[in-house]
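The block underneath contains the structure these notes are about, expressed in structure tokens.
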Amino acid sequence: MSVVTYKCPNCDGELAFDPTTQKFVCPYCVSSFTKIELDDVQPERQADRAGQTDPPALNAAAAGQGKAAPKKEAGKGETEACLFTCPSCGAEITAGSTTAATYCFYCHNPVILTGRLDGAFLPDKIVPFKIGREEAENRFLQWVKKKWFVPKAFFGKKNLEKITGVYFPYWLVDADLRADMTANAQKVRVWRVGDTEYTETSYYQLYRQADIHFEDIIKNALKKSNREIVDQVQPYNPTDMVGFSMPYLSGFQAEKRDIERAELAGEVQEDIQKYSAALLRDTMSGFTAVQTVSGGVQVGRENWDYTLLPVWTLVYQGKKKDTFYFYAMNGQTGKVYGKLPLHYGKLALAAGIIFAVVFLLLMLGGWLLCM
């Protein structure tokens, strides 16, 4: 398995993707390159540095031109942490079994574990980060400072440095299908003539059939991810989605999938059934009551894309060792979700102030009544 860093063509420094400019930037000579410019100069050089035995495969992955190997269902992969050598300083890098991009602990340069994202595990698509680290920190501070009872340490400098940009793996599913539904409906009409009230109940049998296209049904593809956070930072805007290219990972962490499509097929079918029924049911308006009798779905085409999506994350450990609080922000749209710790001292102080104010008001009211 190879470890790659993307080098600046001008000074040989390590390049990182800049979400603000959507370019690849060198922090040493301040050069920047578009994706097209990087594709023109990098593939051959990166293959040589990485010591690849199959340079064309790396070139295709780096340039986003296709997959290094035909797509297939993956078998059992690595299950334990592995050691890699940093191509910049030679230090050892420890990575978990699903880690695909990280940083060298010693020289802090971004490294990409290309073997984790090739063959069956090469993503189809990626949504690049649009929110950079500085903006992510500012948005975090703006969000958390509105919360009155959060411990200061949660948004202190030391904790702020732990904000990490991570590409998480997802399955995105498109489907074309035909759905139908039969239902019984009632329409009740009530009117009065003088002192007499009349009620008319009409009965209907309804039938609906529709050709439906679902775009990007999204499913988490990482077992260790916090499902609640994964769901709450959605949705993502598909207009920014591009074909996967390895350099987009430079400067960020990335995880590879460990949930295969076969494990999610039943869940996706349930979603398709549920969404289709809801769409057909919404067309049955104008009735007092509607009761579904039967319905079905015939899927004609189903396409799965293995996709990496951007999230800024922060984990805060509470006073108890097994207590953790999570913050996440969508790296494209900025949507925020988090579970915050409480500073019970601040909470007690606020409660004491409220109690004191109420007590004084009651005392003042009693004194005025006695006058």
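Ligands are numbered from 1 in the order shown, residues from 1 within each chain, and chains are lettered A, B, ... in the order they appear in the structure tokens.
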Shell around stretch 332-337 of chain A at 9 Å using only C-alpha atoms, local window under 3 positions removed, as a short mmCIF file (atom, residue, chain, number, x, y, z; two decimals) with all heavy atoms, in the first residue's frame:
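Saved result, part_34.cif, follows:
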```
data_model
loop_
_atom_site.label_atom_id
_atom_site.label_comp_id
_atom_site.auth_asym_id
_atom_site.auth_seq_id
_atom_site.Cartn_x
_atom_site.Cartn_y
_atom_site.Cartn_z
N VAL A 127 -17.89 15.41 -2.83
CA VAL A 127 -18.29 16.81 -2.69
C VAL A 127 -17.13 17.50 -1.96
O VAL A 127 -16.94 17.27 -0.76
CB VAL A 127 -19.59 16.98 -1.90
CG1 VAL A 127 -19.88 18.46 -1.64
CG2 VAL A 127 -20.76 16.35 -2.64
N PRO A 128 -16.32 18.31 -2.64
CA PRO A 128 -15.18 18.95 -1.98
C PRO A 128 -15.63 19.93 -0.89
O PRO A 128 -16.73 20.49 -0.96
CB PRO A 128 -14.48 19.70 -3.13
CG PRO A 128 -14.98 19.05 -4.38
CD PRO A 128 -16.38 18.62 -4.08
N PHE A 129 -14.79 20.10 0.11
CA PHE A 129 -15.07 21.10 1.14
C PHE A 129 -15.23 22.48 0.49
O PHE A 129 -14.47 22.86 -0.39
CB PHE A 129 -13.91 21.17 2.15
CG PHE A 129 -14.03 20.18 3.27
CD1 PHE A 129 -13.48 18.92 3.15
CD2 PHE A 129 -14.67 20.52 4.45
CE1 PHE A 129 -13.57 17.99 4.19
CE2 PHE A 129 -14.77 19.61 5.50
CZ PHE A 129 -14.22 18.34 5.37
N LYS A 130 -16.23 23.23 0.94
CA LYS A 130 -16.41 24.62 0.52
C LYS A 130 -16.14 25.59 1.66
O LYS A 130 -15.95 26.78 1.45
CB LYS A 130 -17.83 24.84 -0.02
CG LYS A 130 -18.12 24.10 -1.32
CD LYS A 130 -19.36 24.64 -2.00
CE LYS A 130 -19.12 26.02 -2.60
NZ LYS A 130 -20.28 26.50 -3.37
N ILE A 131 -16.16 25.06 2.89
CA ILE A 131 -15.90 25.89 4.07
C ILE A 131 -14.51 25.52 4.60
O ILE A 131 -14.24 24.37 4.93
CB ILE A 131 -16.97 25.64 5.15
CG1 ILE A 131 -18.34 26.09 4.63
CG2 ILE A 131 -16.61 26.36 6.44
CD1 ILE A 131 -19.48 25.76 5.55
N ALA A 136 -14.70 27.66 9.48
CA ALA A 136 -15.30 26.64 10.32
C ALA A 136 -15.14 26.99 11.80
O ALA A 136 -16.08 26.84 12.59
CB ALA A 136 -14.67 25.28 10.04
N ARG A 139 -17.49 30.00 12.61
CA ARG A 139 -18.90 29.58 12.69
C ARG A 139 -19.15 28.79 13.97
O ARG A 139 -20.22 28.91 14.59
CB ARG A 139 -19.27 28.72 11.47
CG ARG A 139 -19.34 29.51 10.17
CD ARG A 139 -20.02 28.69 9.11
NE ARG A 139 -20.10 29.38 7.83
CZ ARG A 139 -20.97 29.11 6.88
NH1 ARG A 139 -21.88 28.16 7.07
NH2 ARG A 139 -20.97 29.77 5.75
N PHE A 140 -18.18 27.97 14.37
CA PHE A 140 -18.32 27.22 15.61
C PHE A 140 -18.42 28.17 16.80
O PHE A 140 -19.29 28.01 17.67
CB PHE A 140 -17.13 26.29 15.78
CG PHE A 140 -17.02 25.68 17.16
CD1 PHE A 140 -17.90 24.68 17.55
CD2 PHE A 140 -16.08 26.12 18.06
CE1 PHE A 140 -17.81 24.11 18.82
CE2 PHE A 140 -15.98 25.57 19.32
CZ PHE A 140 -16.85 24.56 19.71
N TRP A 143 -21.73 29.97 16.93
CA TRP A 143 -22.81 29.06 17.34
C TRP A 143 -22.77 28.78 18.83
O TRP A 143 -23.77 28.89 19.53
CB TRP A 143 -22.69 27.76 16.55
CG TRP A 143 -23.73 26.73 16.89
CD1 TRP A 143 -25.04 26.73 16.54
CD2 TRP A 143 -23.53 25.54 17.66
NE1 TRP A 143 -25.67 25.61 17.02
CE2 TRP A 143 -24.77 24.86 17.72
CE3 TRP A 143 -22.43 24.98 18.28
CZ2 TRP A 143 -24.93 23.65 18.38
CZ3 TRP A 143 -22.59 23.77 18.95
CH2 TRP A 143 -23.82 23.12 19.00
N ILE A 229 -25.36 12.24 14.13
CA ILE A 229 -24.66 13.37 13.52
C ILE A 229 -24.71 13.27 12.00
O ILE A 229 -24.96 14.26 11.30
CB ILE A 229 -23.20 13.41 14.01
CG1 ILE A 229 -23.15 13.82 15.48
CG2 ILE A 229 -22.37 14.38 13.17
CD1 ILE A 229 -21.75 13.83 16.07
N GLN A 232 -28.13 14.45 10.85
CA GLN A 232 -28.52 15.81 11.18
C GLN A 232 -27.80 16.88 10.36
O GLN A 232 -28.33 17.99 10.23
CB GLN A 232 -28.30 16.09 12.68
CG GLN A 232 -29.21 15.31 13.60
CD GLN A 232 -30.67 15.68 13.43
OE1 GLN A 232 -31.01 16.80 13.10
NE2 GLN A 232 -31.54 14.70 13.64
N VAL A 233 -26.62 16.61 9.81
CA VAL A 233 -25.92 17.63 9.03
C VAL A 233 -26.32 17.61 7.56
O VAL A 233 -25.87 18.43 6.77
CB VAL A 233 -24.38 17.49 9.14
CG1 VAL A 233 -23.93 17.68 10.57
CG2 VAL A 233 -23.90 16.16 8.59
N GLN A 234 -27.15 16.66 7.16
CA GLN A 234 -27.65 16.64 5.79
C GLN A 234 -28.73 17.71 5.63
O GLN A 234 -29.26 18.20 6.62
CB GLN A 234 -28.21 15.24 5.49
CG GLN A 234 -27.17 14.14 5.55
CD GLN A 234 -27.79 12.77 5.35
OE1 GLN A 234 -28.83 12.63 4.71
NE2 GLN A 234 -27.17 11.75 5.93
N PRO A 235 -29.08 18.10 4.39
CA PRO A 235 -28.66 17.51 3.12
C PRO A 235 -27.42 18.20 2.53
O PRO A 235 -26.99 19.24 3.02
CB PRO A 235 -29.88 17.77 2.23
CG PRO A 235 -30.40 19.09 2.72
CD PRO A 235 -30.17 19.08 4.22
N TYR A 236 -26.90 17.60 1.46
CA TYR A 236 -25.82 18.18 0.67
C TYR A 236 -26.38 18.62 -0.68
O TYR A 236 -27.32 18.02 -1.19
CB TYR A 236 -24.70 17.17 0.45
CG TYR A 236 -23.87 16.90 1.69
CD1 TYR A 236 -24.30 15.99 2.65
CD2 TYR A 236 -22.69 17.58 1.92
CE1 TYR A 236 -23.55 15.75 3.79
CE2 TYR A 236 -21.93 17.35 3.06
CZ TYR A 236 -22.37 16.44 3.99
OH TYR A 236 -21.63 16.22 5.13
N ASN A 237 -25.77 19.65 -1.26
CA ASN A 237 -26.21 20.15 -2.56
C ASN A 237 -25.48 19.37 -3.66
O ASN A 237 -24.26 19.46 -3.77
CB ASN A 237 -25.89 21.64 -2.67
CG ASN A 237 -26.48 22.26 -3.92
OD1 ASN A 237 -26.87 21.55 -4.85
ND2 ASN A 237 -26.53 23.57 -3.97
N ASP A 240 -22.49 20.60 -6.43
CA ASP A 240 -21.04 20.69 -6.22
C ASP A 240 -20.36 19.33 -6.30
O ASP A 240 -19.14 19.23 -6.12
CB ASP A 240 -20.75 21.29 -4.84
CG ASP A 240 -21.17 22.76 -4.75
OD1 ASP A 240 -21.02 23.46 -5.77
OD2 ASP A 240 -21.65 23.18 -3.69
N LEU A 309 -18.30 12.71 1.47
CA LEU A 309 -18.95 13.98 1.77
C LEU A 309 -18.23 14.66 2.94
O LEU A 309 -17.78 14.00 3.88
CB LEU A 309 -20.42 13.77 2.11
CG LEU A 309 -21.27 13.11 1.02
CD1 LEU A 309 -22.69 12.90 1.49
CD2 LEU A 309 -21.25 13.94 -0.26
N PRO A 310 -18.13 16.01 2.92
CA PRO A 310 -17.29 16.74 3.88
C PRO A 310 -18.03 17.13 5.17
O PRO A 310 -19.14 17.64 5.14
CB PRO A 310 -16.90 17.99 3.09
CG PRO A 310 -18.09 18.26 2.21
CD PRO A 310 -18.65 16.90 1.86
N VAL A 311 -17.36 16.91 6.31
CA VAL A 311 -17.90 17.28 7.62
C VAL A 311 -16.77 17.83 8.49
O VAL A 311 -15.69 17.24 8.56
CB VAL A 311 -18.55 16.08 8.34
CG1 VAL A 311 -19.16 16.52 9.67
CG2 VAL A 311 -19.60 15.42 7.47
N PHE A 326 -20.38 15.80 20.98
CA PHE A 326 -20.00 15.88 19.57
C PHE A 326 -20.56 17.14 18.93
O PHE A 326 -21.70 17.54 19.19
CB PHE A 326 -20.52 14.65 18.82
CG PHE A 326 -19.97 13.34 19.34
CD1 PHE A 326 -20.64 12.65 20.34
CD2 PHE A 326 -18.81 12.81 18.83
CE1 PHE A 326 -20.15 11.46 20.82
CE2 PHE A 326 -18.30 11.61 19.30
CZ PHE A 326 -18.97 10.93 20.30
N TYR A 327 -19.73 17.72 18.08
CA TYR A 327 -20.16 18.86 17.27
C TYR A 327 -19.81 18.53 15.83
O TYR A 327 -18.75 17.98 15.53
CB TYR A 327 -19.43 20.13 17.71
CG TYR A 327 -19.52 21.26 16.70
CD1 TYR A 327 -20.60 22.14 16.71
CD2 TYR A 327 -18.52 21.47 15.76
CE1 TYR A 327 -20.69 23.18 15.80
CE2 TYR A 327 -18.60 22.50 14.84
CZ TYR A 327 -19.68 23.35 14.87
OH TYR A 327 -19.77 24.38 13.96
N ALA A 328 -20.72 18.84 14.92
CA ALA A 328 -20.46 18.59 13.50
C ALA A 328 -21.06 19.71 12.67
O ALA A 328 -22.10 20.28 13.01
CB ALA A 328 -21.04 17.24 13.07
N MET A 329 -20.37 20.03 11.58
CA MET A 329 -20.87 21.04 10.64
C MET A 329 -20.68 20.52 9.22
O MET A 329 -19.60 20.02 8.87
CB MET A 329 -20.14 22.37 10.80
CG MET A 329 -20.68 23.46 9.87
SD MET A 329 -19.87 25.05 10.12
CE MET A 329 -18.26 24.68 9.44
#
```
Hey, which of A:Met246, A:Thr283, A:Cys104, A:Lys158 ends up closest to A:Gly90? Count only C-alpha atoms. A:Cys104
Stretch 188-205 of chain A surroundings by only C-alpha atoms, 12 Å radius, close-in-sequence under 6 positions cut, as a count of residues only: 12
Which of A:Pro247, A:Thr307, A:Ala175, A:Arg257 sits closest to A:Gln269 [using only C-alpha atoms]: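 Distance minimum relative to A:Gln269 lands on A:Ala175.
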May I have all residues of stretch 144-331 of chain A that DSSP, computed from the backbone, assigns to alpha helix (DSSP H), given as a PyMOL selection string? chain A and resi 144+157-160+227-232+261-282
Please identify all polymer residues within 8 Å of A:Val173, counting only C-alpha atoms, omitting same-chain residues fewer than 3 positions from it, and present them as a list in words.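 Within the cut-off, the hits are Phe214, Glu215, Asp216, Ile217, Ile218, Glu302, Asn303, Trp304 and Asp305 of chain A.
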Produce a file of the selected residues containing N, CA, C and O atoms, as a short mmCIF file (atom, residue, chain, number, x, y, z; two decimals), in the first residue's frame.
```
data_model
loop_
_atom_site.label_atom_id
_atom_site.label_comp_id
_atom_site.auth_asym_id
_atom_site.auth_seq_id
_atom_site.Cartn_x
_atom_site.Cartn_y
_atom_site.Cartn_z
N PHE A 214 -36.07 8.81 -8.09
CA PHE A 214 -35.45 9.27 -6.85
C PHE A 214 -33.98 9.55 -7.10
O PHE A 214 -33.27 8.73 -7.70
N GLU A 215 -33.52 10.68 -6.62
CA GLU A 215 -32.13 11.11 -6.81
C GLU A 215 -31.44 11.20 -5.45
O GLU A 215 -31.91 11.89 -4.55
N ASP A 216 -30.32 10.52 -5.32
CA ASP A 216 -29.45 10.63 -4.15
C ASP A 216 -30.15 10.30 -2.83
O ASP A 216 -30.20 11.12 -1.92
N ILE A 217 -30.68 9.10 -2.75
CA ILE A 217 -31.06 8.57 -1.43
C ILE A 217 -29.75 8.26 -0.71
O ILE A 217 -28.94 7.47 -1.19
N ILE A 218 -29.51 8.89 0.42
CA ILE A 218 -28.19 8.85 1.04
C ILE A 218 -28.16 7.89 2.22
O ILE A 218 -29.05 7.88 3.06
N GLU A 302 -31.64 0.96 -10.79
CA GLU A 302 -31.11 1.37 -9.49
C GLU A 302 -29.60 1.54 -9.63
O GLU A 302 -28.90 0.63 -10.09
N ASN A 303 -29.09 2.71 -9.24
CA ASN A 303 -27.67 3.00 -9.37
C ASN A 303 -27.10 3.44 -8.03
O ASN A 303 -27.66 4.31 -7.37
N TRP A 304 -25.98 2.83 -7.64
CA TRP A 304 -25.32 3.16 -6.37
C TRP A 304 -23.99 3.84 -6.65
O TRP A 304 -23.17 3.32 -7.42
N ASP A 305 -23.76 4.98 -6.02
CA ASP A 305 -22.47 5.68 -6.12
C ASP A 305 -21.83 5.77 -4.75
O ASP A 305 -22.44 6.27 -3.79
#
```
